[in-house]
file coords30.pdb (PDB, C-alpha atoms)
ATOM      1  CA  MET A  24     125.581 109.976  86.670
ATOM      2  CA  ASP A  25     121.891 110.396  85.976
ATOM      3  CA  ALA A  26     119.622 109.881  88.972
ATOM      4  CA  ARG A  27     116.730 107.429  88.891
ATOM      5  CA  ARG A  28     113.710 107.284  91.158
ATOM      6  CA  TYR A  29     113.771 104.477  93.695
ATOM      7  CA  GLN A  30     111.107 103.389  96.154
ATOM      8  CA  LEU A  31     111.591 101.703  99.502
ATOM      9  CA  ILE A  32     108.493  99.950 100.835
ATOM     10  CA  SER A  33     107.826  98.878 104.401
ATOM     11  CA  PHE A  34     104.756  97.082 105.697
ATOM     12  CA  GLY A  35     102.305  97.321 108.569
ATOM     13  CA  GLU A  36      99.848  94.743 109.824
ATOM     14  CA  PHE A  37      97.212  93.089 107.638
ATOM     15  CA  GLY A  38      94.935  95.656 106.042
ATOM     16  CA  GLU A  39      97.231  98.615 106.765
ATOM     17  CA  PRO A  40      98.929 100.307 103.804
ATOM     18  CA  GLY A  41     102.693 100.049 103.595
ATOM     19  CA  ASP A  42     105.020 103.017 103.966
ATOM     20  CA  LYS A  43     106.404 103.977 100.551
ATOM     21  CA  ARG A  44     109.360 106.362 100.430
ATOM     22  CA  GLU A  45     110.723 107.606  97.134
ATOM     23  CA  SER A  46     114.275 108.935  96.634
ATOM     24  CA  PRO A  47     116.491 109.853  93.675
ATOM     25  CA  PHE A  48     119.767 107.909  93.450
ATOM     26  CA  CYS A  49     122.446 107.428  90.831
ATOM     27  CA  ALA A  50     123.345 103.790  90.169
ATOM     28  CA  ARG A  51     126.421 103.959  92.439
ATOM     29  CA  CYS A  52     124.507 105.516  95.344
ATOM     30  CA  ALA A  53     121.662 103.026  94.909
ATOM     31  CA  ARG A  54     124.132 100.129  95.233
ATOM     32  CA  ALA A  55     125.635 101.697  98.352
ATOM     33  CA  GLU A  56     122.195 102.187  99.911
ATOM     34  CA  ARG A  57     121.218  98.582  99.152
ATOM     35  CA  LYS A  58     124.439  97.396 100.804
ATOM     36  CA  ARG A  59     123.632  99.487 103.888
ATOM     37  CA  LEU A  60     120.074  98.124 104.062
ATOM     38  CA  ASN A  61     121.236  94.524 103.654
ATOM     39  CA  ALA A  62     123.656  94.970 106.565
ATOM     40  CA  GLN A  63     120.788  95.775 108.934
ATOM     41  CA  PRO A  64     119.309  93.019 111.130
ATOM     42  CA  ASP A  65     116.406  91.070 109.673
ATOM     43  CA  PRO A  66     113.009  92.296 110.894
ATOM     44  CA  ASP A  67     111.045  90.033 113.195
ATOM     45  CA  GLY A  68     107.951  88.119 112.139
ATOM     46  CA  GLY A  69     106.342  87.690 108.764
ATOM     47  CA  LEU A  70     107.459  85.445 105.933
ATOM     48  CA  THR A  71     110.547  85.478 103.769
ATOM     49  CA  ARG A  72     110.039  86.155 100.069
ATOM     50  CA  GLY A  73     110.313  82.444  99.247
ATOM     51  CA  GLU A  74     107.937  81.479 102.059
ATOM     52  CA  MET A  75     105.355  84.021 100.871
ATOM     53  CA  ILE A  76     105.498  82.720  97.294
ATOM     54  CA  ALA A  77     105.242  79.120  98.522
ATOM     55  CA  ALA A  78     102.231  79.971 100.719
ATOM     56  CA  LEU A  79     100.447  81.611  97.783
ATOM     57  CA  ASP A  80     101.271  78.700  95.480
ATOM     58  CA  ARG A  81      99.887  76.240  98.054
ATOM     59  CA  PHE A  82      96.633  78.197  98.220
ATOM     60  CA  PHE A  83      96.233  78.248  94.439
ATOM     61  CA  ALA A  84      96.983  74.530  94.199
ATOM     62  CA  SER A  85      94.802  73.370  97.109
ATOM     63  CA  SER A  86      91.834  75.596  96.172
ATOM     64  CA  GLY A  87      91.823  74.485  92.536
ATOM     65  CA  ALA A  88      92.489  78.031  91.300
ATOM     66  CA  SER A  89      95.664  76.899  89.507
ATOM     67  CA  ASP A  90      93.634  74.322  87.567
ATOM     68  CA  ILE A  91      91.184  77.019  86.469
ATOM     69  CA  CYS A  92      94.139  79.166  85.313
ATOM     70  CA  ARG A  93      95.507  76.181  83.378
ATOM     71  CA  ARG A  94      92.184  75.603  81.635
ATOM     72  CA  CYS A  95      91.966  79.306  80.864
ATOM     73  CA  HIS A  96      95.374  79.223  79.139
ATOM     74  CA  GLU A  97      94.388  76.066  77.261
ATOM     75  CA  GLN A  98      91.314  77.795  75.814
ATOM     76  CA  GLY A  99      93.472  80.741  74.732
ATOM     77  CA  THR A 100      92.168  83.318  77.209
ATOM     78  CA  GLY A 101      94.946  83.306  79.814
ATOM     79  CA  CYS A 102      95.893  86.760  81.073
ATOM     80  CA  CYS A 103      99.576  86.120  81.883
ATOM     81  CA  PRO A 104     101.926  87.442  79.178
ATOM     82  CA  THR A 105     103.127  84.753  76.804
ATOM     83  CA  THR A 106     106.601  86.330  76.980
ATOM     84  CA  CYS A 107     106.955  85.454  80.679
ATOM     85  CA  ARG A 108     109.960  83.253  81.445
ATOM     86  CA  VAL A 109     107.884  81.298  83.995
ATOM     87  CA  MET A 110     105.199  80.355  81.475
ATOM     88  CA  GLY A 111     104.844  76.856  80.082
ATOM     89  CA  ALA A 112     102.495  75.480  77.464
ATOM     90  CA  ARG A 113      99.732  75.126  80.068
ATOM     91  CA  GLY A 114     100.298  78.300  82.023
ATOM     92  CA  CYS A 115     102.627  79.012  84.924
ATOM     93  CA  ASP A 116     105.419  76.457  85.272
ATOM     94  CA  PRO A 117     106.436  76.109  88.961
ATOM     95  CA  ASN A 118     109.607  74.230  87.960
ATOM     96  CA  ASN A 119     110.944  77.031  85.773
ATOM     97  CA  ARG A 120     114.414  78.033  86.983
ATOM     98  CA  HIS A 121     113.638  81.764  86.753
ATOM     99  CA  GLY A 122     111.203  81.497  89.662
ATOM    100  CA  LYS A 123     108.364  83.823  90.549
ATOM    101  CA  THR A 124     107.883  87.201  92.133
ATOM    102  CA  VAL A 125     105.384  87.842  94.908
ATOM    103  CA  PHE A 126     103.441  89.924  92.381
ATOM    104  CA  CYS A 127     102.908  87.106  89.890
ATOM    105  CA  ALA A 128     102.466  84.463  92.619
ATOM    106  CA  ALA A 129      99.533  86.554  93.894
ATOM    107  CA  PHE A 130      98.214  87.555  90.472
ATOM    108  CA  VAL A 131      94.650  86.548  89.741
ATOM    109  CA  CYS A 132      92.255  88.029  87.182
ATOM    110  CA  GLY A 133      89.054  89.784  88.211
ATOM    111  CA  ALA A 134      86.841  86.879  87.122
ATOM    112  CA  LEU A 135      88.691  84.322  89.246
ATOM    113  CA  LEU A 136      89.149  86.714  92.158
ATOM    114  CA  ASN A 137      85.390  87.366  92.261
ATOM    115  CA  ALA A 138      84.750  83.612  92.258
ATOM    116  CA  ILE A 139      87.218  83.097  95.133
ATOM    117  CA  SER A 140      85.555  85.945  97.037
ATOM    118  CA  ASP A 141      82.144  84.314  96.514
ATOM    119  CA  CYS A 142      83.523  81.125  98.062
ATOM    120  CA  ASP A 143      85.436  82.811 100.895
ATOM    121  CA  ALA A 144      85.207  86.576 101.383
ATOM    122  CA  GLU A 145      88.241  86.660 103.701
ATOM    123  CA  ALA A 146      90.434  84.820 101.188
ATOM    124  CA  GLY A 147      89.324  87.280  98.507
ATOM    125  CA  ARG A 148      90.224  90.252 100.717
ATOM    126  CA  ALA A 149      93.595  88.704 101.545
ATOM    127  CA  LEU A 150      94.448  88.179  97.860
ATOM    128  CA  LYS A 151      93.449  91.755  96.999
ATOM    129  CA  TRP A 152      95.644  93.021  99.835
ATOM    130  CA  VAL A 153      98.615  90.890  98.739
ATOM    131  CA  LYS A 154      98.294  92.168  95.167
ATOM    132  CA  THR A 155      98.034  95.842  96.050
ATOM    133  CA  GLU A 156     100.301  96.055  99.103
ATOM    134  CA  LEU A 157     102.911  93.313  98.658
ATOM    135  CA  GLY A 158     103.096  92.844  94.914
ATOM    136  CA  ALA A 159     103.959  96.470  94.198
ATOM    137  CA  ALA A 160     107.409  96.053  95.750
ATOM    138  CA  GLU A 161     108.319  93.459  93.100
ATOM    139  CA  PHE A 162     106.509  94.847  90.076
ATOM    140  CA  HIS A 163     109.729  96.000  88.386
ATOM    141  CA  ILE A 164     111.151  92.461  88.648
ATOM    142  CA  TYR A 165     107.865  91.117  87.273
ATOM    143  CA  GLU A 166     108.311  93.444  84.282
ATOM    144  CA  MET A 167     111.787  92.019  83.659
ATOM    145  CA  ILE A 168     110.609  88.391  83.958
ATOM    146  CA  THR A 169     107.769  89.088  81.520
ATOM    147  CA  ARG A 170     110.194  90.864  79.143
ATOM    148  CA  VAL A 171     108.526  94.270  79.116
ATOM    149  CA  ALA A 172     110.639  96.637  77.004
ATOM    150  CA  ALA A 173     112.920  98.743  79.247
ATOM    151  CA  GLN A 174     111.482 102.030  77.981
ATOM    152  CA  ALA A 175     107.940 100.868  78.804
ATOM    153  CA  ARG A 176     108.632  99.837  82.409
ATOM    154  CA  GLU A 177     107.508 101.760  85.470
ATOM    155  CA  PRO A 178     109.781 104.774  86.044
ATOM    156  CA  VAL A 179     110.111 104.091  89.789
ATOM    157  CA  ARG A 180     112.251 101.079  90.700
ATOM    158  CA  PRO A 181     112.386  99.213  94.014
ATOM    159  CA  LEU A 182     115.474 100.212  95.977
ATOM    160  CA  ALA A 183     115.603  96.831  97.696
ATOM    161  CA  LEU A 184     113.209  93.915  97.966
ATOM    162  CA  PRO A 185     111.715  93.438 101.435
ATOM    163  CA  ARG A 186     113.444  90.621 103.284
ATOM    164  CA  ARG A 187     110.221  89.734 105.067
ATOM    165  CA  TYR A 188     106.585  90.185 104.136
ATOM    166  CA  PRO A 189     103.717  90.410 106.614
ATOM    167  CA  HIS A 190     101.621  87.268 106.667
ATOM    168  CA  PRO A 191      98.122  87.807 105.190
ATOM    169  CA  ILE A 192      96.095  87.288 108.359
ATOM    170  CA  ALA A 193      92.334  87.604 108.239
ATOM    171  CA  PRO A 194      90.716  89.978 110.755
ATOM    172  CA  SER A 195      89.084  87.050 112.543
ATOM    173  CA  GLY A 196      92.462  85.536 113.416
ATOM    174  CA  PRO A 197      93.269  82.429 111.315
ATOM    175  CA  SER A 198      95.162  82.842 108.078
ATOM    176  CA  ALA A 199      92.762  83.351 105.198
ATOM    177  CA  LEU A 200      95.044  81.615 102.708
ATOM    178  CA  GLU A 201      96.245  78.542 104.589
ATOM    179  CA  ASN A 202      93.343  76.224 103.822
ATOM    180  CA  GLY A 203      92.406  76.569 100.173
ATOM    181  CA  ALA A 204      91.023  73.030 100.191
ATOM    182  CA  LYS A 205      87.951  74.224 102.081
ATOM    183  CA  ILE A 206      86.750  76.194  99.029
ATOM    184  CA  LYS A 207      87.821  73.760  96.304
ATOM    185  CA  GLU A 208      84.411  72.165  95.777
ATOM    186  CA  LYS A 209      82.651  75.543  95.579
ATOM    187  CA  LEU A 210      85.325  77.007  93.324
ATOM    188  CA  ASP A 211      85.243  73.985  90.989
ATOM    189  CA  ALA A 212      81.505  74.572  90.577
ATOM    190  CA  LEU A 213      82.206  78.144  89.418
ATOM    191  CA  ALA A 214      84.994  77.194  86.993
ATOM    192  CA  GLY A 215      82.728  77.102  83.928
ATOM    193  CA  GLU A 216      81.382  80.563  84.718
ATOM    194  CA  VAL A 217      84.904  81.976  85.150
ATOM    195  CA  LEU A 218      86.051  80.463  81.850
ATOM    196  CA  GLU A 219      82.989  81.806  80.030
ATOM    197  CA  ILE A 220      83.613  85.305  81.393
ATOM    198  CA  ARG A 221      87.203  85.063  80.208
ATOM    199  CA  ARG A 222      86.015  84.015  76.729
ATOM    200  CA  ARG A 223      83.652  86.985  76.566
ATOM    201  CA  TRP A 224      86.351  89.393  77.718
ATOM    202  CA  ARG A 225      88.788  88.094  75.089
ATOM    203  CA  GLU A 226      86.135  88.471  72.383
ATOM    204  CA  LEU A 227      85.528  92.076  73.451
ATOM    205  CA  GLU A 228      89.296  92.703  73.338
ATOM    206  CA  ARG A 229      89.440  91.336  69.796
ATOM    207  CA  GLN A 230      86.522  93.528  68.709
ATOM    208  CA  GLU A 231      88.191  96.608  70.208
ATOM    209  CA  ASP A 232      91.462  95.764  68.447
ATOM    210  CA  ASN A 233      89.613  95.499  65.134
ATOM    211  CA  ASP A 234      87.755  98.819  65.515
TER     212      ASP A 234
END

call {"tool": "encode", "arguments": {"input": "coords30.pdb", "output": "structure tokens"}}
result
Amino acid sequence: MDARRYQLISFGEFGEPGDKRESPFCARCARAERKRLNAQPDPDGGLTRGEMIAALDRFFASSGASDICRRCHEQGTGCCPTTCRVMGARGCDPNNRHGKTVFCAAFVCGALLNAISDCDAEAGRALKWVKTELGAAEFHIYEMITRVAAQAREPVRPLALPRRYPHPIAPSGPSALENGAKIKEKLDALAGEVLEIRRRWRELERQEDND
């Protein structure tokens, strides 16, 4: 059988890069290795995959970021792929049976991420860390949910999804993403600016496509 490249990712504490090991496996050997990994005891601490997604969703809802994303999709400038199985008419549908990945639960465009960082620098750092360190483990599943053509997907696949993710803890101690409500008023005030930036970016994309 042809070998594929698989990556196994482990995590350190907040702010520390995860350990990423890459190995070639045929499909049969990959299944056997996953079975071996799943038989090992669960690691201590951190959040399960579902708990991590729920924590991120709570932050987006309580901070008002989800509402900004909804308005962005309504004005035709949303950045999530329209082919995504989790998408509804007004953006991400939390009731969709296909569910989310950690990658898409943490996904936020540069305009909105900058606005969140302006309101709370620690929350902005935590979201950037979740996207770069935690989301990468599930990117291949994100590609499948968003219906990316198989030949266009990343060549390296996750060997197994982490059973627990480290909690995004801010350096000062309290979780940076547990109280999104504290930035809601400030973030609401920046919503118009975020939406205008998204409109300008989409216009530039259209101009580039027409050149």

call {"tool": "atom_distance", "arguments": {"input": "coords30.pdb", "atom1": "CA of Cys52 in chain A", "atom2": "CA of Leu184 in chain A"}}
result
16.4 Å

call {"tool": "closest_residue", "arguments": {"input": "coords30.pdb", "among": "A:Arg222, A:Arg187, A:Arg229, A:Arg180", "to": "Gln98 in chain A", "atoms": "all atoms listed in the file"}}
result
A:Arg222

call {"tool": "atom_distance", "arguments": {"input": "coords30.pdb", "atom1": "CA of Pro181 in chain A", "atom2": "CA of Thr169 in chain A"}}
result
16.7 Å

call {"tool": "resolve_selection", "arguments": {"input": "coords30.pdb", "expression": "the PyMOL selection byres ((chain A and resi 91) around 10)", "output": "MDAnalysis selection string"}}
result
chainID A and resid 83:84 86:90 92:97 101 135 210:211 213:215 217:218

call {"tool": "write_last_selection", "arguments": {"input": "coords30.pdb", "atoms": "C-alpha atoms", "output": "PDB file, in the coordinates of the input"}}
result
ATOM      1  CA  PHE A  83      96.233  78.248  94.439  1.00  0.00           C
ATOM      2  CA  ALA A  84      96.983  74.530  94.199  1.00  0.00           C
ATOM      3  CA  SER A  86      91.834  75.596  96.172  1.00  0.00           C
ATOM      4  CA  GLY A  87      91.823  74.485  92.536  1.00  0.00           C
ATOM      5  CA  ALA A  88      92.489  78.031  91.300  1.00  0.00           C
ATOM      6  CA  SER A  89      95.664  76.899  89.507  1.00  0.00           C
ATOM      7  CA  ASP A  90      93.634  74.322  87.567  1.00  0.00           C
ATOM      8  CA  CYS A  92      94.139  79.166  85.313  1.00  0.00           C
ATOM      9  CA  ARG A  93      95.507  76.181  83.378  1.00  0.00           C
ATOM     10  CA  ARG A  94      92.184  75.603  81.635  1.00  0.00           C
ATOM     11  CA  CYS A  95      91.966  79.306  80.864  1.00  0.00           C
ATOM     12  CA  HIS A  96      95.374  79.223  79.139  1.00  0.00           C
ATOM     13  CA  GLU A  97      94.388  76.066  77.261  1.00  0.00           C
ATOM     14  CA  GLY A 101      94.946  83.306  79.814  1.00  0.00           C
ATOM     15  CA  LEU A 135      88.691  84.322  89.246  1.00  0.00           C
ATOM     16  CA  LEU A 210      85.325  77.007  93.324  1.00  0.00           C
ATOM     17  CA  ASP A 211      85.243  73.985  90.989  1.00  0.00           C
ATOM     18  CA  LEU A 213      82.206  78.144  89.418  1.00  0.00           C
ATOM     19  CA  ALA A 214      84.994  77.194  86.993  1.00  0.00           C
ATOM     20  CA  GLY A 215      82.728  77.102  83.928  1.00  0.00           C
ATOM     21  CA  VAL A 217      84.904  81.976  85.150  1.00  0.00           C
ATOM     22  CA  LEU A 218      86.051  80.463  81.850  1.00  0.00           C
TER      23      LEU A 218
END

call {"tool": "resolve_selection", "arguments": {"input": "coords30.pdb", "expression": "the PyMOL selection byres ((chain A and resi 206) around 12)", "output": "ChimeraX atom specification"}}
result
/A:82-88,138-147,199-205,207-213

call {"tool": "atom_distance", "arguments": {"input": "coords30.pdb", "atom1": "CA of Tyr29 in chain A", "atom2": "CA of Val131 in chain A"}}
result
26.5 Å
